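Below is one structure; the comments refer to it alone.
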Amino acid sequence: MKYEGPSFTIKELKVEDRPREKLNLVGKDLLGVDELLAILIHSGIPNKSALQMANELLNSIGGNLSALGRFSLHDFMKFKGMGKAKATMLVAAMELGRRRMSYEASQAVQVIQSSKDAYRLFHPHLFDLNHEEFWVMHLNRASSLLKMQRLSMGGVAGTSVDLKLLFKSALDTISSSLIIAHNHPSGQLKPSKADRELTQRIVEAGKMLDIQILDHLIITAQGYFSFADEGCL
């Protein structure tokens with residue numbers, strides 16, 4: 001999708017066509033993505049309106065909002081006129097959207113009955129990261145969620161987890177079982193040899209402590225891989 005930027009400034013638009021005024025007049029549902037983004041950018045620079053800046057951002061990623069959600073302060077500030085204040089506003093907006101997704105998932109899923117339930121809870125935290133992270137979900141005997149926790153952060157190609165910290169957390173929470181997850185920023189759903197070896201080590205350590213590892217999920221923007229569903233545990 002390509003967003004064609006306007007050749008005029010917001011001041012030259014009819015009042016009803018200006019993003020902020022338009023939202024007040026007709027409501028948020030009738031605004032385009034570029035107009036919503038322009039409201040967050042707030043103001044333009046000489047010879048370039050906020051709406052034009054919004055279109056420039058969107059065109060740079062082909063209108064892919066998932067890619068926009070992965071932008072850091074530095075990524076936003078690469079664009080002319082995008083200072084730290086504007087970039088901070090946009091990063092905060094992206095994070096707020098992510099947290100809304102996480103909240104809605106936590107309200108909808110009370111008991112973890114399948115890999116899909118676990119994926120819905122892990123997804124908002126992991127799907128659009130540029131680096132790998134390792135998370136754990138602590139469950140009680142009824143498979144209700146006790147706690148979700150990020151255990152480690154890594155680079156683009158991998159992350160590691162300290163088994164001592166993983167099981168200390170499980171013992172502190174008095175968890176009966178765990179579901180672990182990490183993301184693949186590359187979008188590759190197939191587990192690597194290292195992923196399989198780490199999973200086996202965690203499963204074996206859990207057996208010694210009578211803590212069952214119910215599943216290990218690999219999360220990407222496109223979907224997930226479940227070790228349990230594929231018979232890999």
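Quick note on naming: the chains in the structure tokens go A, B, ... in the order shown, residues restart at 1 in each chain, and ligands are numbered from 1 in order of appearance.
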message = as a list in words, please: the residues near Phe127 (chain A) (cut-off 8 Å, only C-alpha atoms, same-chain neighbours under 2 positions excluded).
response =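 With the cut-off at 8 Å, the set is His123, Pro124, His125, Leu129, Asn183, Pro185, Ile219, Thr220 and Ala221 of chain A.
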message = Please return, as an MDAnalysis selection string, all residues of chain A that DSSP assigns to helix (DSSP H, G or I) on the basis of the backbone.
response = chainID A and resid 10:12 15:17 19:26 28:30 33:41 50:60 65:69 73:76 84:108 115:126 163:173 193:208
ask   = Between A:Ile179, A:Leu40, A:His74, A:Phe134, which is the closest to Asp117 (chain A) once you count only C-alpha atoms?
value =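 So, comparing all the options, the nearest one is A:Ile179.
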query = Quick one: distance from CA of Gly83 (chain A) to CA of Leu126 (chain A) in Å, one decimal?
reply = 27.2 Å
inquiry  = So, with only C-alpha atoms as the atoms that count, which of A:Asp172, A:Glu56, A:Glu95, A:Asp195 lies closest to Lys78 (chain A)?
reply    = A:Glu56
task = Within 10 Å of Ala38 (chain A), counting only C-alpha atoms, which residues show up once you throw out same-chain ones fewer than 4 positions away? Write them as a PyMOL selection string, please.
result = chain A and resi 10+18-20+32-34+42-44+49-55
query = Any idea what's packed within 10 Å of Pro191 (chain A), counting only C-alpha atoms, ignoring anything in its chain fewer than 6 positions away? Could you give it as an NGL selection string?
reply = :A and (184 or 197 or 217-218 or 225-227)
Which of region 17-222 of chain A end up as strand (DSSP E) when DSSP is run on this backbone - answer as a compact mmCIF listing (two decimals) with N, CA, C and O atoms, in the first residue's frame?
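Contents of states.txt, freshly written:
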# COMPACT_ATOMS: atom_id res chain seq x y z
N GLU A 133 13.79 -12.30 22.81
CA GLU A 133 13.55 -12.31 24.24
C GLU A 133 13.03 -13.68 24.64
O GLU A 133 12.37 -14.36 23.85
N PHE A 134 13.30 -14.05 25.89
CA PHE A 134 12.83 -15.34 26.43
C PHE A 134 11.89 -15.05 27.59
O PHE A 134 12.24 -14.33 28.52
N TRP A 135 10.67 -15.60 27.51
CA TRP A 135 9.64 -15.37 28.53
C TRP A 135 9.17 -16.68 29.12
O TRP A 135 9.33 -17.74 28.50
N VAL A 136 8.61 -16.59 30.32
CA VAL A 136 8.04 -17.77 30.97
C VAL A 136 6.68 -17.42 31.56
O VAL A 136 6.45 -16.30 32.03
N MET A 137 5.79 -18.38 31.49
CA MET A 137 4.44 -18.26 32.05
C MET A 137 4.34 -19.26 33.19
O MET A 137 4.53 -20.46 33.00
N HIS A 138 4.05 -18.78 34.40
CA HIS A 138 3.91 -19.64 35.58
C HIS A 138 2.44 -19.99 35.78
O HIS A 138 1.58 -19.10 35.80
N LEU A 139 2.15 -21.27 35.97
CA LEU A 139 0.77 -21.74 36.13
C LEU A 139 0.61 -22.52 37.42
O LEU A 139 1.56 -23.17 37.90
N LEU A 145 -3.10 -18.68 35.21
CA LEU A 145 -1.87 -17.91 35.16
C LEU A 145 -1.55 -17.28 36.51
O LEU A 145 -2.37 -16.60 37.10
N LEU A 146 -0.34 -17.54 36.99
CA LEU A 146 0.15 -16.91 38.22
C LEU A 146 0.97 -15.67 37.90
O LEU A 146 0.86 -14.64 38.57
N LYS A 147 1.79 -15.78 36.85
CA LYS A 147 2.73 -14.70 36.55
C LYS A 147 3.31 -14.90 35.16
O LYS A 147 3.53 -16.03 34.73
N MET A 148 3.55 -13.80 34.46
CA MET A 148 4.33 -13.83 33.22
C MET A 148 5.58 -13.02 33.44
O MET A 148 5.53 -11.95 34.06
N GLN A 149 6.69 -13.51 32.91
CA GLN A 149 7.97 -12.86 33.22
C GLN A 149 8.94 -12.96 32.05
O GLN A 149 9.07 -14.01 31.42
N ARG A 150 9.60 -11.86 31.75
CA ARG A 150 10.71 -11.88 30.79
C ARG A 150 11.97 -12.25 31.53
O ARG A 150 12.34 -11.61 32.52
N LEU A 151 12.66 -13.28 31.04
CA LEU A 151 13.85 -13.75 31.73
C LEU A 151 15.14 -13.27 31.08
O LEU A 151 16.16 -13.14 31.76
N SER A 152 15.10 -13.01 29.78
CA SER A 152 16.34 -12.57 29.13
C SER A 152 16.05 -11.85 27.84
O SER A 152 15.00 -12.04 27.22
N MET A 153 17.01 -11.02 27.43
CA MET A 153 16.97 -10.31 26.16
C MET A 153 18.27 -10.62 25.43
O MET A 153 19.33 -10.73 26.04
N SER A 177 3.46 -25.75 36.90
CA SER A 177 3.91 -25.99 35.54
C SER A 177 4.32 -24.67 34.89
O SER A 177 3.97 -23.59 35.38
N LEU A 178 5.04 -24.80 33.79
CA LEU A 178 5.53 -23.63 33.07
C LEU A 178 5.26 -23.77 31.58
O LEU A 178 5.24 -24.88 31.04
N ILE A 179 5.07 -22.65 30.93
CA ILE A 179 5.11 -22.57 29.47
C ILE A 179 6.15 -21.53 29.13
O ILE A 179 6.09 -20.40 29.64
N ILE A 180 7.10 -21.89 28.32
CA ILE A 180 8.17 -20.96 27.96
C ILE A 180 7.99 -20.51 26.52
O ILE A 180 7.31 -21.17 25.72
N ALA A 181 8.57 -19.37 26.19
CA ALA A 181 8.42 -18.84 24.83
C ALA A 181 9.57 -17.91 24.51
O ALA A 181 10.14 -17.26 25.39
N HIS A 182 9.91 -17.87 23.24
CA HIS A 182 10.83 -16.85 22.76
C HIS A 182 10.42 -16.49 21.32
O HIS A 182 9.63 -17.20 20.70
N ASN A 183 10.92 -15.38 20.83
CA ASN A 183 10.55 -14.92 19.50
C ASN A 183 11.69 -15.09 18.51
O ASN A 183 12.86 -15.18 18.89
N GLN A 212 6.37 -29.33 35.62
CA GLN A 212 6.18 -29.76 34.24
C GLN A 212 6.30 -28.59 33.26
O GLN A 212 5.76 -27.51 33.50
N ILE A 213 7.00 -28.83 32.18
CA ILE A 213 7.07 -27.86 31.09
C ILE A 213 6.00 -28.26 30.08
O ILE A 213 6.12 -29.25 29.37
N LEU A 214 4.93 -27.49 30.04
CA LEU A 214 3.79 -27.84 29.19
C LEU A 214 4.03 -27.55 27.72
O LEU A 214 3.52 -28.25 26.86
N ASP A 215 4.81 -26.52 27.43
CA ASP A 215 5.01 -26.15 26.04
C ASP A 215 6.15 -25.15 25.91
O ASP A 215 6.55 -24.51 26.90
N HIS A 216 6.68 -25.05 24.74
CA HIS A 216 7.65 -24.01 24.37
C HIS A 216 7.16 -23.44 23.04
O HIS A 216 7.01 -24.17 22.06
N LEU A 217 6.88 -22.16 23.02
CA LEU A 217 6.39 -21.51 21.81
C LEU A 217 7.47 -20.65 21.18
O LEU A 217 8.22 -19.96 21.89
N ILE A 218 7.53 -20.68 19.86
CA ILE A 218 8.34 -19.73 19.10
C ILE A 218 7.36 -18.76 18.46
O ILE A 218 6.45 -19.16 17.73
N ILE A 219 7.52 -17.47 18.75
CA ILE A 219 6.58 -16.45 18.31
C ILE A 219 7.18 -15.61 17.19
O ILE A 219 8.33 -15.18 17.27
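When only C-alpha atoms are used to measure the gap to Leu37 (chain A), the shortest distance among A:Leu90, A:Leu96, A:Ala205, A:Val111 belongs to A:Leu90.
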query = Could you state the separation of CA of Leu36 (chain A) and CA of Lys22 (chain A) in Å, given to one decimal place?
reply =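 Taking CA of Leu36 (chain A) and CA of Lys22 (chain A), their separation equals 10.2 Å.
Pairwise distance (CA of Val26 (chain A), CA of Ile39 (chain A)) equals 14.7 Å.
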Given only C-alpha atoms as the counted atoms, nearest of A:Ser143, A:Asn47, A:Asn59, A:Gln222 to Gly187 (chain A) =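 Of all the options, A:Gln222 lies closest to Gly187 (chain A).
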message = List the spatial neighbours of Arg201 (chain A) as a ChimeraX atom specification - criterion: any atom at most 12 Å away, only C-alpha atoms, same-chain residues fewer than 3 positions off excluded.
response = /A:161-164,166,194-198,204-208,213,233
Just the selected residues (all heavy atoms), exported as a short mmCIF file (atom, residue, chain, number, x, y, z; two decimals), in the first residue's frame, please.
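part06.cif, written as the output of this step:
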data_model
loop_
_atom_site.label_atom_id
_atom_site.label_comp_id
_atom_site.auth_asym_id
_atom_site.auth_seq_id
_atom_site.Cartn_x
_atom_site.Cartn_y
_atom_site.Cartn_z
N VAL A 161 19.08 -18.29 28.27
CA VAL A 161 18.38 -18.20 29.54
C VAL A 161 19.14 -19.00 30.58
O VAL A 161 19.66 -20.08 30.29
CB VAL A 161 16.92 -18.71 29.40
CG1 VAL A 161 16.88 -20.17 28.99
CG2 VAL A 161 16.15 -18.50 30.69
N ASP A 162 19.23 -18.45 31.77
CA ASP A 162 19.90 -19.11 32.88
C ASP A 162 18.87 -20.02 33.56
O ASP A 162 17.88 -19.54 34.12
CB ASP A 162 20.41 -18.05 33.87
CG ASP A 162 21.29 -18.65 34.96
OD1 ASP A 162 20.99 -19.77 35.41
OD2 ASP A 162 22.25 -17.98 35.38
N LEU A 163 19.10 -21.33 33.50
CA LEU A 163 18.14 -22.28 34.07
C LEU A 163 17.96 -22.08 35.57
O LEU A 163 16.87 -22.31 36.12
CB LEU A 163 18.57 -23.72 33.78
CG LEU A 163 17.97 -24.34 32.50
CD1 LEU A 163 18.42 -23.58 31.28
CD2 LEU A 163 18.35 -25.80 32.39
N LYS A 164 19.01 -21.63 36.24
CA LYS A 164 18.91 -21.40 37.70
C LYS A 164 17.89 -20.29 37.98
O LYS A 164 17.08 -20.38 38.90
CB LYS A 164 20.28 -21.04 38.28
CG LYS A 164 21.30 -22.16 38.20
CD LYS A 164 22.58 -21.80 38.94
CE LYS A 164 23.36 -20.69 38.24
NZ LYS A 164 23.85 -21.09 36.91
N LEU A 166 15.46 -19.34 35.92
CA LEU A 166 14.15 -19.82 35.49
C LEU A 166 13.46 -20.61 36.60
O LEU A 166 12.30 -20.34 36.95
CB LEU A 166 14.30 -20.70 34.24
CG LEU A 166 13.06 -21.46 33.77
CD1 LEU A 166 11.94 -20.50 33.39
CD2 LEU A 166 13.41 -22.39 32.61
N ALA A 194 19.67 -25.32 18.47
CA ALA A 194 19.88 -24.76 19.80
C ALA A 194 18.55 -24.64 20.55
O ALA A 194 18.49 -24.87 21.76
CB ALA A 194 20.55 -23.39 19.69
N ASP A 195 17.48 -24.29 19.84
CA ASP A 195 16.16 -24.20 20.47
C ASP A 195 15.74 -25.56 21.02
O ASP A 195 15.21 -25.67 22.13
CB ASP A 195 15.10 -23.74 19.45
CG ASP A 195 15.28 -22.30 19.01
OD1 ASP A 195 15.89 -21.52 19.77
OD2 ASP A 195 14.82 -21.96 17.91
N ARG A 196 15.95 -26.61 20.23
CA ARG A 196 15.56 -27.95 20.64
C ARG A 196 16.39 -28.43 21.83
O ARG A 196 15.86 -29.04 22.77
CB ARG A 196 15.71 -28.93 19.47
CG ARG A 196 14.73 -28.64 18.32
CD ARG A 196 14.92 -29.64 17.18
NE ARG A 196 14.06 -29.34 16.05
CZ ARG A 196 12.79 -29.73 15.94
NH1 ARG A 196 12.25 -30.46 16.91
NH2 ARG A 196 12.08 -29.42 14.88
N GLU A 197 17.68 -28.14 21.79
CA GLU A 197 18.56 -28.57 22.89
C GLU A 197 18.21 -27.84 24.18
O GLU A 197 18.18 -28.46 25.26
CB GLU A 197 20.02 -28.32 22.51
CG GLU A 197 20.51 -29.24 21.40
CD GLU A 197 21.93 -28.91 20.95
OE1 GLU A 197 22.44 -27.82 21.35
OE2 GLU A 197 22.52 -29.71 20.21
N LEU A 198 17.94 -26.54 24.10
CA LEU A 198 17.57 -25.77 25.28
C LEU A 198 16.25 -26.29 25.85
O LEU A 198 16.12 -26.44 27.07
CB LEU A 198 17.44 -24.29 24.92
CG LEU A 198 16.93 -23.37 26.05
CD1 LEU A 198 17.89 -23.38 27.23
CD2 LEU A 198 16.74 -21.95 25.53
N GLU A 204 14.13 -31.57 31.25
CA GLU A 204 14.81 -32.50 32.15
C GLU A 204 15.01 -31.89 33.53
O GLU A 204 14.83 -32.55 34.56
CB GLU A 204 16.15 -32.94 31.56
CG GLU A 204 16.02 -33.79 30.31
CD GLU A 204 15.20 -35.06 30.54
OE1 GLU A 204 15.37 -35.69 31.61
OE2 GLU A 204 14.38 -35.40 29.67
N ALA A 205 15.38 -30.60 33.57
CA ALA A 205 15.55 -29.93 34.86
C ALA A 205 14.21 -29.83 35.59
O ALA A 205 14.15 -29.98 36.82
CB ALA A 205 16.14 -28.54 34.64
N GLY A 206 13.14 -29.60 34.85
CA GLY A 206 11.83 -29.50 35.46
C GLY A 206 11.40 -30.80 36.11
O GLY A 206 10.76 -30.80 37.17
N LYS A 207 11.74 -31.92 35.48
CA LYS A 207 11.38 -33.22 36.04
C LYS A 207 12.01 -33.42 37.41
O LYS A 207 11.38 -34.00 38.31
CB LYS A 207 11.84 -34.33 35.09
CG LYS A 207 11.02 -34.42 33.81
CD LYS A 207 11.57 -35.51 32.90
CE LYS A 207 10.77 -35.61 31.60
NZ LYS A 207 11.34 -36.63 30.68
N MET A 208 13.23 -32.96 37.61
CA MET A 208 13.92 -33.12 38.89
C MET A 208 13.22 -32.33 40.00
O MET A 208 13.29 -32.69 41.17
CB MET A 208 15.37 -32.66 38.75
CG MET A 208 16.19 -33.51 37.79
SD MET A 208 17.89 -32.89 37.62
CE MET A 208 18.48 -33.11 39.30
N ILE A 213 7.00 -28.83 32.18
CA ILE A 213 7.07 -27.86 31.09
C ILE A 213 6.00 -28.26 30.08
O ILE A 213 6.12 -29.25 29.37
CB ILE A 213 8.46 -27.85 30.42
CG1 ILE A 213 9.58 -27.70 31.48
CG2 ILE A 213 8.53 -26.73 29.38
CD1 ILE A 213 9.45 -26.47 32.33
N LEU A 233 8.26 -32.28 22.75
CA LEU A 233 8.64 -32.19 24.16
C LEU A 233 9.00 -33.57 24.70
O LEU A 233 8.36 -34.55 24.35
CB LEU A 233 7.49 -31.60 24.99
CG LEU A 233 7.26 -30.10 24.86
CD1 LEU A 233 6.13 -29.66 25.77
CD2 LEU A 233 8.53 -29.30 25.20
#
Spatial neighbours of Arg70 (chain A), max dist 9 Å, only C-alpha atoms, sep filter under 5 positions, as a tab-separated table (two decimals) with C-alpha atoms, in the first residue's frame:
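Final output, selection-v7.tsv:
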chain	number	residue	atom	x	y	z
A	65	LEU	CA	1.90	-0.99	10.76
A	75	ASP	CA	14.40	4.92	13.74
A	91	VAL	CA	7.12	5.31	20.54
A	94	MET	CA	3.06	2.23	19.78
A	128	ASP	CA	7.12	-7.16	16.82
A	129	LEU	CA	10.52	-7.04	18.52
A	130	ASN	CA	13.76	-6.53	16.60
